[in-house]
$ cat final.txt   # compact mmCIF, N, CA and C atoms
# COMPACT_ATOMS: atom_id res chain seq x y z
N MET R 287 205.20 141.41 -23.91
CA MET R 287 204.21 141.45 -22.85
C MET R 287 203.71 140.03 -22.60
N ALA R 288 203.50 139.73 -21.36
CA ALA R 288 202.99 138.42 -21.00
C ALA R 288 201.53 138.28 -21.41
N SER R 289 201.08 137.07 -21.44
CA SER R 289 199.69 136.83 -21.82
C SER R 289 198.75 137.16 -20.67
N ARG R 290 197.49 137.29 -21.00
CA ARG R 290 196.48 137.55 -19.98
C ARG R 290 196.42 136.39 -19.00
N ARG R 291 196.61 135.21 -19.51
CA ARG R 291 196.57 134.02 -18.66
C ARG R 291 197.67 134.08 -17.61
N ASP R 292 198.88 134.44 -18.00
CA ASP R 292 199.99 134.55 -17.05
C ASP R 292 199.75 135.68 -16.06
N PHE R 293 199.16 136.76 -16.54
CA PHE R 293 198.87 137.90 -15.67
C PHE R 293 197.85 137.48 -14.60
N LYS R 294 196.84 136.72 -14.99
CA LYS R 294 195.85 136.24 -14.03
C LYS R 294 196.49 135.28 -13.02
N LYS R 295 197.45 134.49 -13.48
CA LYS R 295 198.17 133.60 -12.56
C LYS R 295 198.94 134.42 -11.52
N ASP R 296 199.54 135.52 -11.96
CA ASP R 296 200.25 136.40 -11.03
C ASP R 296 199.29 137.00 -10.01
N VAL R 297 198.12 137.42 -10.47
CA VAL R 297 197.11 137.98 -9.56
C VAL R 297 196.71 136.92 -8.53
N ASN R 298 196.46 135.71 -8.99
CA ASN R 298 196.08 134.64 -8.07
C ASN R 298 197.20 134.31 -7.09
N PHE R 299 198.43 134.31 -7.57
CA PHE R 299 199.57 134.02 -6.70
C PHE R 299 199.68 135.06 -5.59
N LEU R 300 199.60 136.33 -5.95
CA LEU R 300 199.72 137.38 -4.94
C LEU R 300 198.55 137.36 -3.97
N THR R 301 197.37 137.07 -4.46
CA THR R 301 196.21 136.95 -3.57
C THR R 301 196.38 135.78 -2.61
N ASN R 302 196.90 134.67 -3.11
CA ASN R 302 197.15 133.52 -2.25
C ASN R 302 198.21 133.83 -1.19
N GLU R 303 199.18 134.64 -1.54
CA GLU R 303 200.18 135.05 -0.55
C GLU R 303 199.53 135.84 0.59
N ILE R 304 198.60 136.70 0.24
CA ILE R 304 197.88 137.46 1.27
C ILE R 304 197.08 136.51 2.15
N PHE R 305 196.38 135.55 1.52
CA PHE R 305 195.61 134.58 2.29
C PHE R 305 196.51 133.75 3.20
N MET R 306 197.65 133.31 2.69
CA MET R 306 198.55 132.50 3.51
C MET R 306 199.10 133.30 4.68
N ARG R 307 199.47 134.53 4.43
CA ARG R 307 199.97 135.38 5.52
C ARG R 307 198.87 135.59 6.56
N SER R 308 197.63 135.72 6.10
CA SER R 308 196.51 135.90 7.02
C SER R 308 196.28 134.64 7.85
N ILE R 309 196.33 133.50 7.21
CA ILE R 309 196.14 132.24 7.94
C ILE R 309 197.25 132.02 8.95
N ILE R 310 198.47 132.33 8.57
CA ILE R 310 199.59 132.21 9.51
C ILE R 310 199.38 133.14 10.69
N HIS R 311 198.92 134.35 10.43
CA HIS R 311 198.66 135.30 11.51
C HIS R 311 197.59 134.75 12.45
N LEU R 312 196.54 134.17 11.90
CA LEU R 312 195.48 133.61 12.73
C LEU R 312 195.99 132.43 13.56
N GLU R 313 196.87 131.63 12.98
CA GLU R 313 197.42 130.49 13.71
C GLU R 313 198.31 130.93 14.88
N PHE R 314 199.12 131.95 14.65
CA PHE R 314 200.03 132.39 15.69
C PHE R 314 199.36 133.23 16.76
N PHE R 315 198.41 134.07 16.38
CA PHE R 315 197.83 135.01 17.32
C PHE R 315 196.40 134.66 17.73
N GLY R 316 195.84 133.62 17.17
CA GLY R 316 194.52 133.16 17.56
C GLY R 316 193.43 134.16 17.29
N LYS R 317 192.56 134.34 18.26
CA LYS R 317 191.38 135.21 18.09
C LYS R 317 191.72 136.68 18.10
N ARG R 318 192.91 137.02 18.57
CA ARG R 318 193.29 138.44 18.64
C ARG R 318 193.36 139.02 17.22
N ASN R 319 192.64 140.08 16.97
CA ASN R 319 192.59 140.77 15.68
C ASN R 319 192.01 139.92 14.55
N SER R 320 191.26 138.88 14.89
CA SER R 320 190.76 137.99 13.83
C SER R 320 189.76 138.71 12.91
N ASP R 321 188.96 139.62 13.45
CA ASP R 321 188.02 140.35 12.60
C ASP R 321 188.75 141.19 11.56
N GLU R 322 189.84 141.84 11.97
CA GLU R 322 190.61 142.63 11.02
C GLU R 322 191.25 141.75 9.95
N VAL R 323 191.71 140.57 10.35
CA VAL R 323 192.34 139.65 9.40
C VAL R 323 191.31 139.20 8.37
N TYR R 324 190.11 138.88 8.84
CA TYR R 324 189.06 138.45 7.90
C TYR R 324 188.66 139.59 6.96
N ASN R 325 188.66 140.81 7.46
CA ASN R 325 188.37 141.96 6.60
C ASN R 325 189.44 142.13 5.53
N ILE R 326 190.68 141.93 5.91
CA ILE R 326 191.79 142.02 4.94
C ILE R 326 191.66 140.93 3.89
N MET R 327 191.28 139.73 4.32
CA MET R 327 191.10 138.63 3.37
C MET R 327 189.96 138.94 2.40
N ASN R 328 188.89 139.55 2.90
CA ASN R 328 187.78 139.95 2.02
C ASN R 328 188.22 141.03 1.04
N GLU R 329 189.02 141.98 1.51
CA GLU R 329 189.55 143.01 0.61
C GLU R 329 190.39 142.38 -0.49
N ALA R 330 191.20 141.39 -0.12
CA ALA R 330 192.06 140.72 -1.11
C ALA R 330 191.22 139.98 -2.15
N ALA R 331 190.16 139.32 -1.71
CA ALA R 331 189.29 138.59 -2.64
C ALA R 331 188.57 139.57 -3.57
N ASP R 332 188.09 140.67 -3.02
CA ASP R 332 187.42 141.68 -3.86
C ASP R 332 188.40 142.29 -4.86
N ALA R 333 189.62 142.56 -4.40
CA ALA R 333 190.63 143.13 -5.29
C ALA R 333 190.98 142.14 -6.41
N ARG R 334 191.08 140.86 -6.06
CA ARG R 334 191.39 139.84 -7.05
C ARG R 334 190.32 139.82 -8.13
N ASN R 335 189.06 139.84 -7.73
CA ASN R 335 187.97 139.83 -8.71
C ASN R 335 188.01 141.09 -9.58
N ASN R 336 188.33 142.21 -8.98
CA ASN R 336 188.43 143.47 -9.72
C ASN R 336 189.56 143.41 -10.75
N TYR R 337 190.72 142.89 -10.34
CA TYR R 337 191.85 142.83 -11.27
C TYR R 337 191.59 141.87 -12.42
N VAL R 338 190.98 140.74 -12.13
CA VAL R 338 190.67 139.79 -13.20
C VAL R 338 189.68 140.41 -14.19
N ALA R 339 188.70 141.14 -13.68
CA ALA R 339 187.75 141.81 -14.57
C ALA R 339 188.45 142.86 -15.42
N ARG R 340 189.38 143.59 -14.82
CA ARG R 340 190.12 144.61 -15.58
C ARG R 340 191.03 143.96 -16.63
N ILE R 341 191.60 142.82 -16.31
CA ILE R 341 192.46 142.11 -17.26
C ILE R 341 191.62 141.62 -18.44
N ASN R 342 190.41 141.14 -18.16
CA ASN R 342 189.55 140.61 -19.21
C ASN R 342 188.90 141.69 -20.06
N GLN R 343 188.99 142.93 -19.63
CA GLN R 343 188.37 144.03 -20.36
C GLN R 343 188.96 144.14 -21.76
N LYS R 344 188.10 144.30 -22.74
CA LYS R 344 188.55 144.40 -24.13
C LYS R 344 189.01 145.83 -24.40
N ILE R 345 190.19 145.97 -24.99
CA ILE R 345 190.77 147.26 -25.35
C ILE R 345 190.68 147.41 -26.87
N ASP R 346 190.08 148.51 -27.30
CA ASP R 346 189.87 148.71 -28.73
C ASP R 346 191.12 149.19 -29.46
N LYS R 347 191.78 150.20 -28.92
CA LYS R 347 192.95 150.76 -29.58
C LYS R 347 194.20 150.01 -29.15
N LYS R 348 195.02 149.66 -30.12
CA LYS R 348 196.25 148.94 -29.84
C LYS R 348 197.21 149.78 -28.99
N ALA R 349 197.20 151.08 -29.16
CA ALA R 349 198.10 151.97 -28.41
C ALA R 349 197.72 152.05 -26.93
N ASP R 350 196.49 151.69 -26.59
CA ASP R 350 196.03 151.77 -25.20
C ASP R 350 196.29 150.49 -24.40
N ILE R 351 196.71 149.43 -25.07
CA ILE R 351 196.86 148.14 -24.40
C ILE R 351 197.97 148.17 -23.36
N LYS R 352 199.15 148.59 -23.75
CA LYS R 352 200.29 148.57 -22.83
C LYS R 352 200.06 149.47 -21.62
N PRO R 353 199.60 150.72 -21.78
CA PRO R 353 199.34 151.55 -20.59
C PRO R 353 198.25 150.97 -19.69
N HIS R 354 197.26 150.31 -20.29
CA HIS R 354 196.19 149.69 -19.52
C HIS R 354 196.74 148.62 -18.58
N PHE R 355 197.55 147.72 -19.13
CA PHE R 355 198.10 146.65 -18.31
C PHE R 355 199.17 147.15 -17.35
N LYS R 356 199.89 148.17 -17.71
CA LYS R 356 200.87 148.78 -16.80
C LYS R 356 200.16 149.36 -15.58
N LEU R 357 199.03 150.02 -15.81
CA LEU R 357 198.25 150.58 -14.70
C LEU R 357 197.72 149.48 -13.79
N ILE R 358 197.22 148.41 -14.38
CA ILE R 358 196.74 147.28 -13.57
C ILE R 358 197.88 146.69 -12.75
N TYR R 359 199.02 146.51 -13.38
CA TYR R 359 200.18 145.93 -12.70
C TYR R 359 200.62 146.80 -11.53
N ASP R 360 200.69 148.10 -11.74
CA ASP R 360 201.09 149.02 -10.67
C ASP R 360 200.08 149.01 -9.53
N ASP R 361 198.79 149.01 -9.86
CA ASP R 361 197.75 148.95 -8.84
C ASP R 361 197.82 147.64 -8.06
N LEU R 362 198.08 146.55 -8.76
CA LEU R 362 198.18 145.23 -8.13
C LEU R 362 199.32 145.20 -7.11
N LEU R 363 200.47 145.69 -7.49
CA LEU R 363 201.61 145.67 -6.58
C LEU R 363 201.38 146.58 -5.38
N LYS R 364 200.79 147.74 -5.61
CA LYS R 364 200.54 148.67 -4.51
C LYS R 364 199.52 148.10 -3.53
N SER R 365 198.41 147.55 -4.05
CA SER R 365 197.39 147.02 -3.15
C SER R 365 197.88 145.78 -2.40
N THR R 366 198.67 144.94 -3.08
CA THR R 366 199.23 143.77 -2.40
C THR R 366 200.17 144.20 -1.28
N HIS R 367 201.01 145.15 -1.56
CA HIS R 367 201.93 145.65 -0.55
C HIS R 367 201.16 146.25 0.63
N ASP R 368 200.13 147.03 0.34
CA ASP R 368 199.34 147.65 1.41
C ASP R 368 198.64 146.61 2.28
N LEU R 369 198.06 145.58 1.65
CA LEU R 369 197.36 144.55 2.42
C LEU R 369 198.33 143.73 3.26
N LEU R 370 199.49 143.40 2.70
CA LEU R 370 200.48 142.66 3.48
C LEU R 370 201.00 143.50 4.64
N GLU R 371 201.15 144.78 4.42
CA GLU R 371 201.59 145.68 5.48
C GLU R 371 200.53 145.78 6.59
N LYS R 372 199.26 145.78 6.21
CA LYS R 372 198.18 145.79 7.21
C LYS R 372 198.26 144.55 8.09
N ILE R 373 198.49 143.40 7.48
CA ILE R 373 198.58 142.15 8.25
C ILE R 373 199.79 142.19 9.17
N ASP R 374 200.91 142.65 8.67
CA ASP R 374 202.13 142.70 9.47
C ASP R 374 202.00 143.66 10.63
N ASN R 375 201.24 144.73 10.47
CA ASN R 375 201.09 145.71 11.54
C ASN R 375 200.05 145.33 12.59
N LEU R 376 199.28 144.29 12.34
CA LEU R 376 198.27 143.88 13.31
C LEU R 376 198.87 143.39 14.61
N ASP R 377 199.95 142.65 14.54
CA ASP R 377 200.54 142.10 15.77
C ASP R 377 201.35 143.12 16.56
N ILE R 378 201.61 144.27 15.97
CA ILE R 378 202.34 145.31 16.67
C ILE R 378 201.43 146.03 17.64
N GLU R 379 200.18 146.20 17.29
CA GLU R 379 199.24 146.97 18.09
C GLU R 379 198.93 146.33 19.42

$ encode --input "final.txt" --output "structure tokens"
Amino acid sequence: MASRRDFKKDVNFLTNEIFMRSIIHLEFFGKRNSDEVYNIMNEAADARNNYVARINQKIDKKADIKPHFKLIYDDLLKSTHDLLEKIDNLDIE
């Protein structure tokens, strides 16, 4: 299993990808849908803080450590995918 430090780096990397995609969307489409883009960016920042707090959470039982981090990892990938999909669907509307 990777360290908590590496896991936090992954969380930051994925959050930065959402921010970069949002900034690119704002550059290409200007003011159109800008409120939705800013809301998505706020969701990403809130999710990042939530994941870091969950990663830092102390686990008492050794048997609970792996399922705990697996759940965080699965949630991270799902929420990142959902937020990126929201950004991609903004220009379709």

$ residues_around --input "final.txt" --residues "Ile304 (chain R)" --least-positions-apart "4" --cutoff "7 Å" --atoms "only N, CA and C atoms" --output "list in words"
Phe299, Leu300, Ser308, Ile309, Met327, Leu369 and Leu370 of chain R

$ select_by_dssp --input "final.txt" --residues "region 294-372 of chain R" --states "alpha helix (DSSP H)" --output "PyMOL selection string"
chain R and resi 294-315+320-342+351-372

$ atom_distance --input "final.txt" --atom1 "CA of Arg334 (chain R)" --atom2 "CA of Thr301 (chain R)"
6.6 Å

$ residues_around --input "final.txt" --residues "Phe293 (chain R)" --least-positions-apart "4" --cutoff "8 Å" --atoms "only N, CA and C atoms" --output "ChimeraX atom specification"
/R:288-289,297-299,337-338,341

$ closest_residue --input "final.txt" --among "R:Ile373, R:Thr366, R:Ile351, R:Asp292" --to "Leu312 (chain R)" --atoms "only C-alpha atoms"
R:Ile373

$ atom_distance --input "final.txt" --atom1 "atom N of Leu376 (chain R)" --atom2 "atom C of Asn319 (chain R)"
8.8 Å

$ atom_distance --input "final.txt" --atom1 "CA of Phe315 (chain R)" --atom2 "atom C of Glu303 (chain R)"
16.8 Å

$ closest_residue --input "final.txt" --among "R:Asn302, R:Leu357, R:Asn336, R:Asp377" --to "Lys317 (chain R)" --atoms "only C-alpha atoms"
R:Asp377

$ build_atoms --input "final.txt" --residues "region 352-363 of chain R" --atoms "all heavy atoms" --output "PDB file, keeping the file's coordinate frame"
ATOM      1  N   LYS R 352     199.150 148.590 -23.750  1.00  0.00           N
ATOM      2  CA  LYS R 352     200.290 148.570 -22.830  1.00  0.00           C
ATOM      3  C   LYS R 352     200.060 149.470 -21.620  1.00  0.00           C
ATOM      4  O   LYS R 352     200.297 149.028 -20.488  1.00  0.00           O
ATOM      5  CB  LYS R 352     201.566 148.954 -23.568  1.00  0.00           C
ATOM      6  CG  LYS R 352     202.802 148.713 -22.748  1.00  0.00           C
ATOM      7  CD  LYS R 352     204.061 148.872 -23.576  1.00  0.00           C
ATOM      8  CE  LYS R 352     205.267 148.558 -22.739  1.00  0.00           C
ATOM      9  NZ  LYS R 352     206.500 148.637 -23.514  1.00  0.00           N
ATOM     10  N   PRO R 353     199.600 150.720 -21.780  1.00  0.00           N
ATOM     11  CA  PRO R 353     199.340 151.550 -20.590  1.00  0.00           C
ATOM     12  C   PRO R 353     198.250 150.970 -19.690  1.00  0.00           C
ATOM     13  O   PRO R 353     198.322 151.096 -18.462  1.00  0.00           O
ATOM     14  CB  PRO R 353     198.908 152.892 -21.158  1.00  0.00           C
ATOM     15  CG  PRO R 353     199.381 152.916 -22.549  1.00  0.00           C
ATOM     16  CD  PRO R 353     199.468 151.503 -23.001  1.00  0.00           C
ATOM     17  N   HIS R 354     197.260 150.310 -20.290  1.00  0.00           N
ATOM     18  CA  HIS R 354     196.190 149.690 -19.520  1.00  0.00           C
ATOM     19  C   HIS R 354     196.740 148.620 -18.580  1.00  0.00           C
ATOM     20  O   HIS R 354     196.440 148.602 -17.385  1.00  0.00           O
ATOM     21  CB  HIS R 354     195.145 149.096 -20.475  1.00  0.00           C
ATOM     22  CG  HIS R 354     194.061 148.318 -19.804  1.00  0.00           C
ATOM     23  ND1 HIS R 354     193.047 148.911 -19.101  1.00  0.00           N
ATOM     24  CD2 HIS R 354     193.840 146.980 -19.733  1.00  0.00           C
ATOM     25  CE1 HIS R 354     192.243 147.990 -18.617  1.00  0.00           C
ATOM     26  NE2 HIS R 354     192.705 146.804 -18.993  1.00  0.00           N
ATOM     27  N   PHE R 355     197.550 147.720 -19.130  1.00  0.00           N
ATOM     28  CA  PHE R 355     198.100 146.650 -18.310  1.00  0.00           C
ATOM     29  C   PHE R 355     199.170 147.150 -17.350  1.00  0.00           C
ATOM     30  O   PHE R 355     199.312 146.604 -16.258  1.00  0.00           O
ATOM     31  CB  PHE R 355     198.647 145.528 -19.205  1.00  0.00           C
ATOM     32  CG  PHE R 355     197.552 144.702 -19.815  1.00  0.00           C
ATOM     33  CD1 PHE R 355     197.235 144.815 -21.142  1.00  0.00           C
ATOM     34  CD2 PHE R 355     196.818 143.823 -19.030  1.00  0.00           C
ATOM     35  CE1 PHE R 355     196.213 144.071 -21.698  1.00  0.00           C
ATOM     36  CE2 PHE R 355     195.800 143.073 -19.566  1.00  0.00           C
ATOM     37  CZ  PHE R 355     195.493 143.193 -20.912  1.00  0.00           C
ATOM     38  N   LYS R 356     199.890 148.170 -17.710  1.00  0.00           N
ATOM     39  CA  LYS R 356     200.870 148.780 -16.800  1.00  0.00           C
ATOM     40  C   LYS R 356     200.160 149.360 -15.580  1.00  0.00           C
ATOM     41  O   LYS R 356     200.629 149.198 -14.449  1.00  0.00           O
ATOM     42  CB  LYS R 356     201.653 149.867 -17.547  1.00  0.00           C
ATOM     43  CG  LYS R 356     202.614 150.640 -16.698  1.00  0.00           C
ATOM     44  CD  LYS R 356     203.831 149.821 -16.350  1.00  0.00           C
ATOM     45  CE  LYS R 356     204.863 150.713 -15.693  1.00  0.00           C
ATOM     46  NZ  LYS R 356     205.415 150.144 -14.505  1.00  0.00           N
ATOM     47  N   LEU R 357     199.030 150.020 -15.810  1.00  0.00           N
ATOM     48  CA  LEU R 357     198.250 150.580 -14.700  1.00  0.00           C
ATOM     49  C   LEU R 357     197.720 149.480 -13.790  1.00  0.00           C
ATOM     50  O   LEU R 357     197.786 149.599 -12.563  1.00  0.00           O
ATOM     51  CB  LEU R 357     197.097 151.417 -15.252  1.00  0.00           C
ATOM     52  CG  LEU R 357     196.194 152.082 -14.223  1.00  0.00           C
ATOM     53  CD1 LEU R 357     196.980 153.095 -13.386  1.00  0.00           C
ATOM     54  CD2 LEU R 357     195.023 152.753 -14.903  1.00  0.00           C
ATOM     55  N   ILE R 358     197.220 148.410 -14.380  1.00  0.00           N
ATOM     56  CA  ILE R 358     196.740 147.280 -13.570  1.00  0.00           C
ATOM     57  C   ILE R 358     197.880 146.690 -12.750  1.00  0.00           C
ATOM     58  O   ILE R 358     197.726 146.408 -11.560  1.00  0.00           O
ATOM     59  CB  ILE R 358     196.101 146.199 -14.462  1.00  0.00           C
ATOM     60  CG1 ILE R 358     194.858 146.732 -15.150  1.00  0.00           C
ATOM     61  CG2 ILE R 358     195.753 144.956 -13.636  1.00  0.00           C
ATOM     62  CD1 ILE R 358     194.296 145.800 -16.203  1.00  0.00           C
ATOM     63  N   TYR R 359     199.020 146.510 -13.380  1.00  0.00           N
ATOM     64  CA  TYR R 359     200.180 145.930 -12.700  1.00  0.00           C
ATOM     65  C   TYR R 359     200.620 146.800 -11.530  1.00  0.00           C
ATOM     66  O   TYR R 359     200.876 146.306 -10.430  1.00  0.00           O
ATOM     67  CB  TYR R 359     201.324 145.742 -13.700  1.00  0.00           C
ATOM     68  CG  TYR R 359     202.530 145.063 -13.127  1.00  0.00           C
ATOM     69  CD1 TYR R 359     202.545 143.701 -12.893  1.00  0.00           C
ATOM     70  CD2 TYR R 359     203.670 145.800 -12.812  1.00  0.00           C
ATOM     71  CE1 TYR R 359     203.654 143.079 -12.359  1.00  0.00           C
ATOM     72  CE2 TYR R 359     204.782 145.185 -12.283  1.00  0.00           C
ATOM     73  CZ  TYR R 359     204.773 143.821 -12.059  1.00  0.00           C
ATOM     74  OH  TYR R 359     205.863 143.217 -11.523  1.00  0.00           O
ATOM     75  N   ASP R 360     200.690 148.100 -11.740  1.00  0.00           N
ATOM     76  CA  ASP R 360     201.090 149.020 -10.670  1.00  0.00           C
ATOM     77  C   ASP R 360     200.080 149.010  -9.530  1.00  0.00           C
ATOM     78  O   ASP R 360     200.461 148.989  -8.346  1.00  0.00           O
ATOM     79  CB  ASP R 360     201.251 150.436 -11.211  1.00  0.00           C
ATOM     80  CG  ASP R 360     202.442 150.582 -12.139  1.00  0.00           C
ATOM     81  OD1 ASP R 360     203.338 149.708 -12.106  1.00  0.00           O
ATOM     82  OD2 ASP R 360     202.471 151.564 -12.914  1.00  0.00           O
ATOM     83  N   ASP R 361     198.790 149.010  -9.860  1.00  0.00           N
ATOM     84  CA  ASP R 361     197.750 148.950  -8.840  1.00  0.00           C
ATOM     85  C   ASP R 361     197.820 147.640  -8.060  1.00  0.00           C
ATOM     86  O   ASP R 361     197.643 147.617  -6.836  1.00  0.00           O
ATOM     87  CB  ASP R 361     196.362 149.084  -9.464  1.00  0.00           C
ATOM     88  CG  ASP R 361     196.088 150.463 -10.011  1.00  0.00           C
ATOM     89  OD1 ASP R 361     196.847 151.402  -9.676  1.00  0.00           O
ATOM     90  OD2 ASP R 361     195.113 150.610 -10.778  1.00  0.00           O
ATOM     91  N   LEU R 362     198.080 146.550  -8.760  1.00  0.00           N
ATOM     92  CA  LEU R 362     198.180 145.230  -8.130  1.00  0.00           C
ATOM     93  C   LEU R 362     199.320 145.200  -7.110  1.00  0.00           C
ATOM     94  O   LEU R 362     199.139 144.758  -5.972  1.00  0.00           O
ATOM     95  CB  LEU R 362     198.393 144.153  -9.184  1.00  0.00           C
ATOM     96  CG  LEU R 362     198.688 142.741  -8.684  1.00  0.00           C
ATOM     97  CD1 LEU R 362     197.489 142.184  -7.938  1.00  0.00           C
ATOM     98  CD2 LEU R 362     199.065 141.845  -9.847  1.00  0.00           C
ATOM     99  N   LEU R 363     200.470 145.690  -7.490  1.00  0.00           N
ATOM    100  CA  LEU R 363     201.610 145.670  -6.580  1.00  0.00           C
ATOM    101  C   LEU R 363     201.380 146.580  -5.380  1.00  0.00           C
ATOM    102  O   LEU R 363     201.702 146.217  -4.242  1.00  0.00           O
ATOM    103  CB  LEU R 363     202.881 146.080  -7.315  1.00  0.00           C
ATOM    104  CG  LEU R 363     203.392 145.084  -8.351  1.00  0.00           C
ATOM    105  CD1 LEU R 363     204.671 145.597  -8.986  1.00  0.00           C
ATOM    106  CD2 LEU R 363     203.615 143.724  -7.747  1.00  0.00           C
TER     107      LEU R 363
END
